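Asks: Next comes protein12.csv, CSV, C-alpha atoms:
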chain,number,residue,atom,x,y,z
A,17,MET,CA,51.6,258.1,154.1
A,18,ASN,CA,53.9,259.6,151.4
A,19,LYS,CA,57.3,258.4,150.4
A,20,HIS,CA,58.9,261.3,152.1
A,21,HIS,CA,57.4,260.4,155.4
A,22,GLU,CA,60.4,260.1,157.8
A,23,ARG,CA,61.4,259.8,161.4
A,24,THR,CA,64.0,261.8,163.1
A,25,PHE,CA,65.7,261.8,166.5
A,26,ILE,CA,65.4,265.1,168.4
A,27,MET,CA,67.0,265.8,171.7
A,28,ILE,CA,66.4,268.8,173.9
A,29,LYS,CA,69.8,269.1,175.5
A,30,SER,CA,70.7,269.8,179.2
A,31,ASP,CA,71.1,273.6,178.8
A,32,ALA,CA,67.6,273.9,177.3
A,33,VAL,CA,66.1,271.8,180.1
A,34,MET,CA,67.9,274.0,182.7
A,35,LYS,CA,66.7,277.2,181.0
A,36,GLY,CA,63.1,276.0,181.0
A,37,LEU,CA,62.8,275.8,177.2
A,38,ILE,CA,61.3,272.3,176.8
A,39,GLY,CA,57.7,273.5,176.0
A,40,GLU,CA,58.9,276.2,173.7
A,41,ILE,CA,61.0,273.7,171.7
A,42,ILE,CA,58.4,271.0,171.5
A,43,LYS,CA,55.9,273.6,170.3
A,44,ARG,CA,58.0,274.5,167.3
A,45,PHE,CA,58.0,270.9,166.0
A,46,GLU,CA,54.2,270.6,166.7
A,47,ASN,CA,53.7,273.9,164.8
A,48,ARG,CA,55.3,272.4,161.7
A,49,ASP,CA,52.9,269.5,161.5
A,50,LEU,CA,55.4,267.0,163.0
A,51,LYS,CA,54.2,264.3,165.3
A,52,ILE,CA,55.8,263.2,168.6
A,53,ILE,CA,55.8,259.4,168.5
A,54,ALA,CA,58.2,258.8,171.5
A,55,LEU,CA,59.3,261.1,174.3
A,56,GLU,CA,61.3,260.5,177.5
A,57,MET,CA,63.2,262.6,179.9
A,58,ASP,CA,66.5,260.9,180.6
A,59,PHE,CA,69.7,261.6,182.6
A,60,PRO,CA,72.5,260.1,180.5
A,61,THR,CA,75.4,258.6,182.4
A,62,PRO,CA,79.0,259.4,181.5
A,63,GLU,CA,79.4,255.7,180.3
A,64,PHE,CA,76.4,256.1,178.0
A,65,MET,CA,77.7,259.3,176.5
A,66,ASP,CA,81.1,257.7,176.1
A,67,GLY,CA,79.4,255.1,174.0
A,68,HIS,CA,77.5,257.7,172.0
A,69,TYR,CA,80.6,259.5,170.7
A,70,PRO,CA,83.0,257.8,168.3
A,71,LYS,CA,86.4,256.8,169.8
A,72,ASP,CA,88.1,256.7,166.3
A,73,PRO,CA,91.3,258.7,166.7
A,74,VAL,CA,90.7,260.5,163.4
A,75,TRP,CA,87.3,261.7,164.6
A,76,VAL,CA,88.7,262.7,168.1
A,77,THR,CA,91.6,264.6,166.5
A,78,ARG,CA,89.2,266.5,164.3
A,79,LEU,CA,87.6,267.9,167.4
A,80,GLY,CA,91.0,269.3,168.4
A,81,GLU,CA,91.5,270.7,164.9
A,82,LYS,CA,88.1,272.4,165.0
A,83,LEU,CA,89.0,274.1,168.3
A,84,LEU,CA,92.3,275.3,166.9
A,85,THR,CA,90.6,276.7,163.8
A,86,GLY,CA,88.3,278.8,166.0
A,87,PHE,CA,91.2,280.0,168.2
A,88,LYS,CA,93.2,281.0,165.1
A,89,LYS,CA,90.3,283.1,163.8
A,90,HIS,CA,90.1,285.0,167.1
A,91,ASN,CA,93.9,285.1,167.8
A,92,ILE,CA,93.7,283.0,170.9
A,93,ASP,CA,96.9,281.1,171.9
A,94,SER,CA,96.1,277.5,172.5
A,95,VAL,CA,99.4,277.0,174.3
A,96,LYS,CA,98.5,279.7,176.8
A,97,GLU,CA,95.0,278.3,177.2
A,98,PHE,CA,95.7,274.6,177.3
A,99,GLY,CA,99.5,274.2,177.3
A,100,THR,CA,99.5,272.6,173.8
A,101,GLU,CA,98.5,273.2,170.2
A,102,ASP,CA,98.5,269.6,169.3
A,103,PRO,CA,95.1,268.5,168.0
A,104,VAL,CA,95.9,264.9,169.0
A,105,LYS,CA,96.1,266.1,172.7
A,106,LEU,CA,93.3,268.6,172.4
A,107,GLY,CA,90.8,266.2,170.8
A,108,PRO,CA,90.2,264.0,173.9
A,109,MET,CA,89.7,267.1,176.0
A,110,VAL,CA,86.9,268.4,173.7
A,111,ARG,CA,85.4,264.9,173.7
A,112,GLU,CA,85.3,265.1,177.5
A,113,TRP,CA,83.6,268.5,177.4
A,114,LEU,CA,80.9,267.0,175.2
A,115,ILE,CA,80.3,264.2,177.7
A,116,ASN,CA,80.1,266.8,180.6
A,117,TYR,CA,77.5,268.8,178.6
A,118,PHE,CA,75.2,265.8,178.4
A,119,THR,CA,75.6,264.8,182.0
A,120,MET,CA,75.1,268.1,183.8
A,121,ALA,CA,71.3,267.9,183.7
A,122,PRO,CA,68.6,265.7,182.1
A,123,VAL,CA,67.8,265.8,178.4
A,124,VAL,CA,64.4,265.1,176.7
A,125,LYS,CA,64.7,262.7,173.8
A,126,MET,CA,62.1,262.4,171.2
A,127,VAL,CA,61.2,260.6,168.0
A,128,ILE,CA,59.4,262.9,165.6
A,129,GLU,CA,57.7,261.8,162.4
A,130,GLY,CA,56.2,263.5,159.4
A,131,SER,CA,56.9,264.6,155.8
A,132,HIS,CA,60.6,265.5,155.4
A,133,ALA,CA,61.0,265.1,159.1
A,134,VAL,CA,64.8,265.0,158.9
A,135,ASP,CA,65.2,268.2,156.8
A,136,ALA,CA,62.5,270.0,158.8
A,137,GLY,CA,64.2,269.1,162.0
A,138,ARG,CA,67.5,270.6,160.9
A,139,LYS,CA,65.7,273.8,159.6
A,140,ILE,CA,63.8,274.2,162.9
A,141,ILE,CA,66.9,274.0,165.1
A,142,GLY,CA,69.1,276.2,162.9
A,143,ALA,CA,72.9,276.4,162.4
A,144,THR,CA,75.2,274.6,164.8
A,145,MET,CA,76.7,277.8,166.3
A,146,PRO,CA,73.9,279.7,168.0
A,147,ASN,CA,75.7,283.1,167.3
A,148,MET,CA,75.4,282.3,163.6
A,149,ALA,CA,71.9,280.8,163.6
A,150,ASP,CA,69.1,282.6,161.9
A,151,LEU,CA,66.3,284.2,164.0
A,152,GLY,CA,63.2,282.1,163.9
A,153,THR,CA,65.3,279.0,164.5
A,154,ILE,CA,65.5,277.5,168.0
A,155,ARG,CA,69.2,278.3,168.4
A,156,GLY,CA,68.9,281.7,166.8
A,157,ASP,CA,66.1,282.7,169.1
A,158,PHE,CA,67.3,281.3,172.4
A,159,SER,CA,71.1,281.4,172.5
A,160,SER,CA,74.1,283.5,171.5
A,161,ASP,CA,76.8,281.0,172.4
A,162,SER,CA,79.7,280.4,170.1
A,163,SER,CA,82.8,278.2,169.9
A,164,VAL,CA,85.2,281.0,171.0
A,165,ILE,CA,83.1,281.8,174.1
A,166,ALA,CA,82.6,278.2,175.0
A,167,ASN,CA,86.1,277.0,174.4
A,168,THR,CA,87.8,279.8,176.3
A,169,ALA,CA,85.5,278.9,179.2
A,170,HIS,CA,86.8,275.3,178.8
A,171,ARG,CA,83.5,273.8,177.7
A,172,CYS,CA,81.8,272.8,174.4
A,173,VAL,CA,79.2,274.9,172.7
A,174,TYR,CA,75.8,274.8,174.4
A,175,ASN,CA,73.3,274.8,171.5
A,176,LEU,CA,70.1,273.7,173.1
A,177,VAL,CA,68.9,270.9,170.8
A,178,HIS,CA,70.0,268.1,168.5
A,179,ALA,CA,68.4,266.8,165.3
A,180,SER,CA,69.6,264.0,163.1
A,181,GLU,CA,71.2,265.0,159.9
A,182,THR,CA,70.2,262.0,157.7
A,183,VAL,CA,67.6,259.3,157.7
A,184,ALA,CA,70.3,256.7,158.4
A,185,GLU,CA,71.7,258.7,161.3
A,186,ALA,CA,68.2,259.1,162.7
A,187,GLU,CA,67.6,255.4,162.7
A,188,HIS,CA,70.9,254.8,164.4
A,189,GLU,CA,70.3,257.4,167.1
A,190,ILE,CA,66.7,256.3,167.8
A,191,ASN,CA,68.1,252.8,168.4
A,192,TYR,CA,70.9,254.0,170.6
A,193,TRP,CA,68.9,256.3,172.7
A,194,PHE,CA,65.6,254.4,172.9
A,195,GLY,CA,67.0,250.9,172.6
A,196,GLU,CA,66.6,248.5,169.7
A,197,GLY,CA,63.0,247.6,169.0
A,198,LYS,CA,61.5,250.3,171.1
A,199,LYS,CA,57.8,250.6,170.4
A,200,LEU,CA,57.0,253.9,168.8
A,201,PHE,CA,53.5,255.3,169.3
A,202,SER,CA,50.9,255.6,166.5
A,203,TYR,CA,47.9,257.9,166.7
A,204,LYS,CA,45.9,260.4,164.8
A,205,ARG,CA,46.5,264.1,165.0
A,206,PHE,CA,43.9,266.7,164.2
A,207,GLY,CA,44.7,268.9,161.2
A,208,LEU,CA,47.0,266.2,159.9
A,209,ASP,CA,45.2,262.8,160.0
A,210,VAL,CA,41.6,263.7,161.0
B,19,MET,CA,57.7,286.9,213.1
B,20,PHE,CA,55.1,287.1,210.3
B,21,PHE,CA,57.7,286.4,207.7
B,22,ALA,CA,58.8,283.3,209.7
B,23,THR,CA,55.3,282.0,209.6
B,24,VAL,CA,55.1,282.4,205.8
B,25,VAL,CA,58.3,280.6,205.3
B,26,GLN,CA,57.1,277.7,207.4
B,27,SER,CA,54.0,277.3,205.3
B,28,MET,CA,56.1,276.8,202.2
B,29,THR,CA,56.9,273.2,201.4
B,30,HIS,CA,58.7,271.4,198.7
B,31,GLU,CA,56.0,269.4,196.8
B,32,ARG,CA,55.6,267.3,193.7
B,33,SER,CA,52.6,267.1,191.4
B,34,LEU,CA,51.7,264.6,188.8
B,35,ILE,CA,50.4,266.0,185.4
B,36,ILE,CA,48.9,263.9,182.6
B,37,ILE,CA,48.8,265.6,179.3
B,38,LYS,CA,45.7,263.8,177.9
B,39,PRO,CA,45.2,262.4,174.4
B,40,ASP,CA,43.1,265.4,173.3
B,41,ALA,CA,45.9,267.8,174.0
B,42,ILE,CA,48.4,265.5,172.2
B,43,GLN,CA,46.1,265.1,169.2
B,44,ARG,CA,45.6,268.9,169.1
B,45,SER,CA,49.3,269.7,169.2
B,46,LEU,CA,49.1,271.4,172.6
B,47,VAL,CA,52.0,269.6,174.3
B,48,GLY,CA,54.6,272.4,173.9
B,49,ASP,CA,52.1,275.1,175.0
B,50,ILE,CA,51.1,273.2,178.1
B,51,ILE,CA,54.6,272.3,179.2
B,52,LYS,CA,55.7,275.9,178.6
B,53,ARG,CA,53.1,277.2,181.1
B,54,PHE,CA,54.6,275.1,183.9
B,55,GLU,CA,58.1,276.0,183.0
B,56,GLN,CA,57.5,279.7,182.8
B,57,LYS,CA,55.9,279.7,186.3
B,58,GLY,CA,59.2,278.5,187.6
B,59,LEU,CA,58.3,274.8,188.2
B,60,LYS,CA,60.8,272.1,187.5
B,61,ILE,CA,60.1,269.0,185.5
B,62,ILE,CA,61.7,266.1,187.2
B,63,GLY,CA,60.3,263.3,185.2
B,64,MET,CA,58.5,263.0,181.9
B,65,LYS,CA,57.5,260.3,179.4
B,66,MET,CA,55.1,259.5,176.6
B,67,MET,CA,53.2,256.3,177.5
B,68,HIS,CA,50.1,254.3,176.7
B,69,LEU,CA,48.0,254.1,179.8
B,70,SER,CA,47.1,250.5,180.5
B,71,ASP,CA,43.7,249.2,181.8
B,72,ALA,CA,45.3,248.5,185.2
B,73,LEU,CA,46.9,252.0,185.5
B,74,ILE,CA,43.6,253.7,184.5
B,75,GLU,CA,41.5,251.6,186.9
B,76,GLU,CA,43.9,252.5,189.8
B,77,HIS,CA,44.2,256.1,188.9
B,78,TYR,CA,40.4,256.6,188.5
B,79,ALA,CA,39.4,254.2,191.3
B,80,HIS,CA,37.1,256.8,192.7
B,81,ILE,CA,34.9,256.8,189.6
B,82,ALA,CA,35.5,253.2,188.3
B,83,ASP,CA,31.9,252.2,189.1
B,84,LYS,CA,30.3,255.1,187.4
B,85,PRO,CA,28.3,254.6,184.1
B,86,PHE,CA,30.6,257.1,182.3
B,87,PHE,CA,33.8,255.3,183.2
B,88,PRO,CA,34.1,253.1,180.1
B,89,GLY,CA,33.8,256.3,178.0
B,90,ILE,CA,36.7,257.9,180.0
B,91,LYS,CA,38.8,254.8,179.6
B,92,LYS,CA,38.2,254.7,175.8
B,93,PHE,CA,39.1,258.3,175.5
B,94,ILE,CA,42.3,258.1,177.6
B,95,GLN,CA,43.5,255.1,175.5
B,96,SER,CA,42.6,256.7,172.2
B,97,ALA,CA,46.2,258.1,171.8
B,98,PRO,CA,49.3,258.1,174.0
B,99,ALA,CA,49.5,260.4,177.0
B,100,ILE,CA,52.5,262.3,178.4
B,101,VAL,CA,53.0,262.0,182.2
B,102,MET,CA,55.0,264.5,184.0
B,103,ALA,CA,56.3,265.0,187.6
B,104,LEU,CA,56.7,268.6,188.6
B,105,SER,CA,58.7,269.9,191.6
B,106,GLY,CA,58.8,273.2,193.5
B,107,ILE,CA,57.5,275.0,196.5
B,108,ASN,CA,53.7,274.7,197.1
B,109,THR,CA,53.6,273.0,193.7
B,110,VAL,CA,50.1,271.3,194.0
B,111,ASP,CA,48.3,274.6,194.5
B,112,ALA,CA,50.4,276.4,191.9
B,113,VAL,CA,49.7,273.8,189.3
B,114,ARG,CA,45.9,273.7,190.0
B,115,THR,CA,45.8,277.4,189.5
B,116,ILE,CA,47.5,277.2,186.1
B,117,VAL,CA,45.3,274.2,185.0
B,118,GLY,CA,42.0,275.7,186.0
B,119,PRO,CA,38.7,274.0,187.1
B,120,THR,CA,37.6,270.7,185.6
B,121,LYS,CA,35.0,272.0,183.2
B,122,GLY,CA,36.8,273.5,180.3
B,123,PHE,CA,33.9,275.8,179.3
B,124,GLU,CA,33.8,277.3,182.8
B,125,ALA,CA,37.6,277.7,183.3
B,126,ALA,CA,38.9,281.3,183.3
B,127,GLY,CA,41.0,282.5,180.4
B,128,GLY,CA,44.7,282.3,181.1
B,129,THR,CA,44.4,278.8,182.5
B,130,ILE,CA,45.2,275.8,180.4
B,131,ARG,CA,41.6,274.6,180.4
B,132,GLY,CA,40.2,278.1,180.0
B,133,ASP,CA,42.4,278.7,176.9
B,134,PHE,CA,42.2,275.3,175.3
B,135,SER,CA,39.2,273.2,176.4
B,136,MET,CA,35.4,273.2,175.9
B,137,SER,CA,34.9,269.9,177.6
B,138,VAL,CA,34.8,268.0,180.9
B,139,GLN,CA,36.4,264.8,179.7
B,140,SER,CA,38.7,266.3,177.1
B,141,ASN,CA,40.1,268.9,179.4
B,142,CYS,CA,43.7,268.6,178.3
B,143,VAL,CA,45.4,267.7,181.6
B,144,HIS,CA,45.1,265.9,184.8
B,145,ALA,CA,46.8,267.5,187.9
B,146,SER,CA,47.1,266.1,191.4
B,147,ASP,CA,44.5,267.6,193.7
B,148,SER,CA,46.4,267.2,197.1
B,149,VAL,CA,49.9,266.8,198.4
B,150,GLU,CA,49.0,263.3,199.6
B,151,ASN,CA,47.5,262.2,196.2
B,152,ALA,CA,50.5,263.8,194.4
B,153,LYS,CA,52.9,261.5,196.2
B,154,GLN,CA,50.8,258.4,195.3
B,155,GLU,CA,50.3,259.5,191.7
B,156,VAL,CA,54.0,260.2,191.1
B,157,ALA,CA,54.8,256.8,192.5
B,158,ARG,CA,52.1,255.2,190.4
B,159,PHE,CA,53.4,256.5,187.1
B,160,PHE,CA,57.1,256.7,187.7
B,161,LYS,CA,59.7,254.3,188.8
B,162,PRO,CA,62.1,255.9,191.4
B,163,GLU,CA,64.9,255.9,188.9
B,164,GLU,CA,62.8,257.9,186.4
B,165,ILE,CA,62.6,260.9,188.8
B,166,LEU,CA,65.6,263.1,188.0
B,167,ASP,CA,67.3,265.5,190.3
B,168,TYR,CA,69.1,268.6,188.8
B,169,ASP,CA,69.4,272.4,189.3
B,170,LYS,CA,67.2,274.5,187.1
B,171,LEU,CA,68.7,277.9,186.3
B,172,GLY,CA,67.3,280.8,188.2
B,173,GLU,CA,65.6,278.8,191.0
B,174,SER,CA,67.0,281.1,193.7
B,175,VAL,CA,65.5,284.1,191.9
B,176,VAL,CA,62.2,282.4,191.4
B,177,TYR,CA,61.7,281.6,195.0
B,178,ALA,CA,63.8,284.5,196.5
B,179,ASP,CA,64.1,284.3,200.3
B,180,SER,CA,61.9,281.3,200.7
B,181,PHE,CA,64.1,278.9,198.7
B,182,GLU,CA,66.3,276.7,200.9
Represent the structure of the file as structure tokens.

Replies:
Amino acid sequence: MNKHHERTFIMIKSDAVMKGLIGEIIKRFENRDLKIIALEMDFPTPEFMDGHYPKDPVWVTRLGEKLLTGFKKHNIDSVKEFGTEDPVKLGPMVREWLINYFTMAPVVKMVIEGSHAVDAGRKIIGATMPNMADLGTIRGDFSSDSSVIANTAHRCVYNLVHASETVAEAEHEINYWFGEGKKLFSYKRFGLDV
Amino acid sequence: MFFATVVQSMTHERSLIIIKPDAIQRSLVGDIIKRFEQKGLKIIGMKMMHLSDALIEEHYAHIADKPFFPGIKKFIQSAPAIVMALSGINTVDAVRTIVGPTKGFEAAGGTIRGDFSMSVQSNCVHASDSVENAKQEVARFFKPEEILDYDKLGESVVYADSFE
């Protein structure tokens, strides 16, 4: 095991499950010599998702600000859409959209390990906005959703998959989603360990 | 009249799949899951797990007294497995067609075993062999709350008129 051996938290989100992309997504991590050491299909409750997202007003307001930035770029009037252009009021609405996204169908949560697993995970999934994601990434290959399309449909962006951004975030997310002290599997993989 | 008969023969079923250690160690998980999804089947439960002695002895009760059973047990515990519950119309038969016959070296190309296995024991997957066994096997590997109900996109198109 090298010092860059890491674990990351990957989640196949509800839209990917509904579209039948579970196998395709898992395959891409396997192809890159990463190893699945935990996997469960799970249907998050609204209460669980409420605990997942920060309640800090600054964080919530930033969600509203992001929405307004996108609207400005595309000349969409937030007052006409939502009756307000106050990020403090828009933030909680966006937070609710995120919760709805994760509770409309099950998700598949995984712990993936291998060399540079965190960075590799981010590379494999691609840029946050599917319309800007490179071809060859999961988001670039399987979605063309964008913030403007999503927000004018009064929902958040559906971007198929989540991958932790840092080792610390991965550890936190693994604990939140699998429970503290969850036993992760250990086994040999051909081509990698055998 | 003929059409009505056909419709009546179509039943909602479940099937239990075990992605065995050989497939997991050979990085075939995504490939195998993809084949069931692209057929139109719905995954309603899935988890990676270590198969305990008790679970294996119950699942393989029909061969538990055979001389080769200890070897099978050792193999199936050599790495974790992924168990999966599939749902759809006439699922048991559809799954068996995709999986192919037991002996990997005899299985037709295009099936999971035909494409990925040369062995009888390391034949990538287990699939329920009857509707009755499927019910027992799903209950054996999943708690009721681990079976998840949702609408997969395109189901009405996959099953056309037969879907109710």

Asks: Using only C-alpha atoms, I'd like every residue of chain B that has an atom within 12 Å of chain A; please write them out as a PyMOL selection string.

Replies: chain B and resi 39-69+95-103+160+163-173

Asks: Using only C-alpha atoms, determine which residues lie at most 7 Å from segment 130-147 of chain B, disregarding the query and same-chain residues fewer than 2 positions distant; provide the list as number ranges by chain.

Replies: B: 33-38, 40-41, 50, 90, 110, 114, 116-118, 120-123, 125-128, 151-152

Asks: Can you measure atom CA of Pro70 of chain A to atom CA of Thr153 of chain A for me? One decimal in Å is fine.

Replies: 27.9 Å

Asks: Atom CA of Val156 of chain B and atom CA of Lys199 of chain A, how far apart in Å?

Replies: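 Pair atom CA of Lys199 of chain A / atom CA of Val156 of chain B returns 23.1 Å.
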
Asks: Separation of atom CA of Ile140 of chain A and atom CA of Asn175 of chain A, in Å?

Replies: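 So the answer is 12.8 Å.
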
Asks: Just checking: using all atoms listed in the file, which residue out of A:Phe158, A:Tyr192, A:Phe25, A:Trp113 ends up closest to Arg171 of chain A?

Replies: A:Trp113

Asks: With all atoms listed in the file as the basis for distance, which of A:Ala179, A:Met27, A:Ala166, A:Val110 is at the shortest distance from Pro60 of chain A?

Replies: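 Using all atoms listed in the file, Pro60 of chain A sits closest to A:Met27.
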
Asks: What's the 9 Å shell around Thr61 of chain A, counting only C-alpha atoms, without same-chain residues fewer than 4 positions away, as a list in words?

Replies: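 Residues meeting the cut-off are Met65, Asp66, Ile115, Phe118 and Thr119 of chain A.
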
Asks: Which residue gives the smallest distance to Leu73 of chain B among B:Glu155, B:Glu31, B:Leu104, B:Ser148, with all atoms listed in the file counted?

Replies: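 Nearest candidate to Leu73 of chain B out of B:Glu155, B:Glu31, B:Leu104, B:Ser148: B:Glu155.
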
Asks: Extract, using all atoms listed in the file, all DNA, RNA and protein residues at most 7 Å from Pro103 of chain A, discarding same-chain residues fewer than 2 positions from it, and format them as a list in words.

Replies: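 So, after excluding close chain neighbours, the residues are Thr77, Gly80, Glu81, Glu101, Lys105, Leu106 and Gly107 of chain A.
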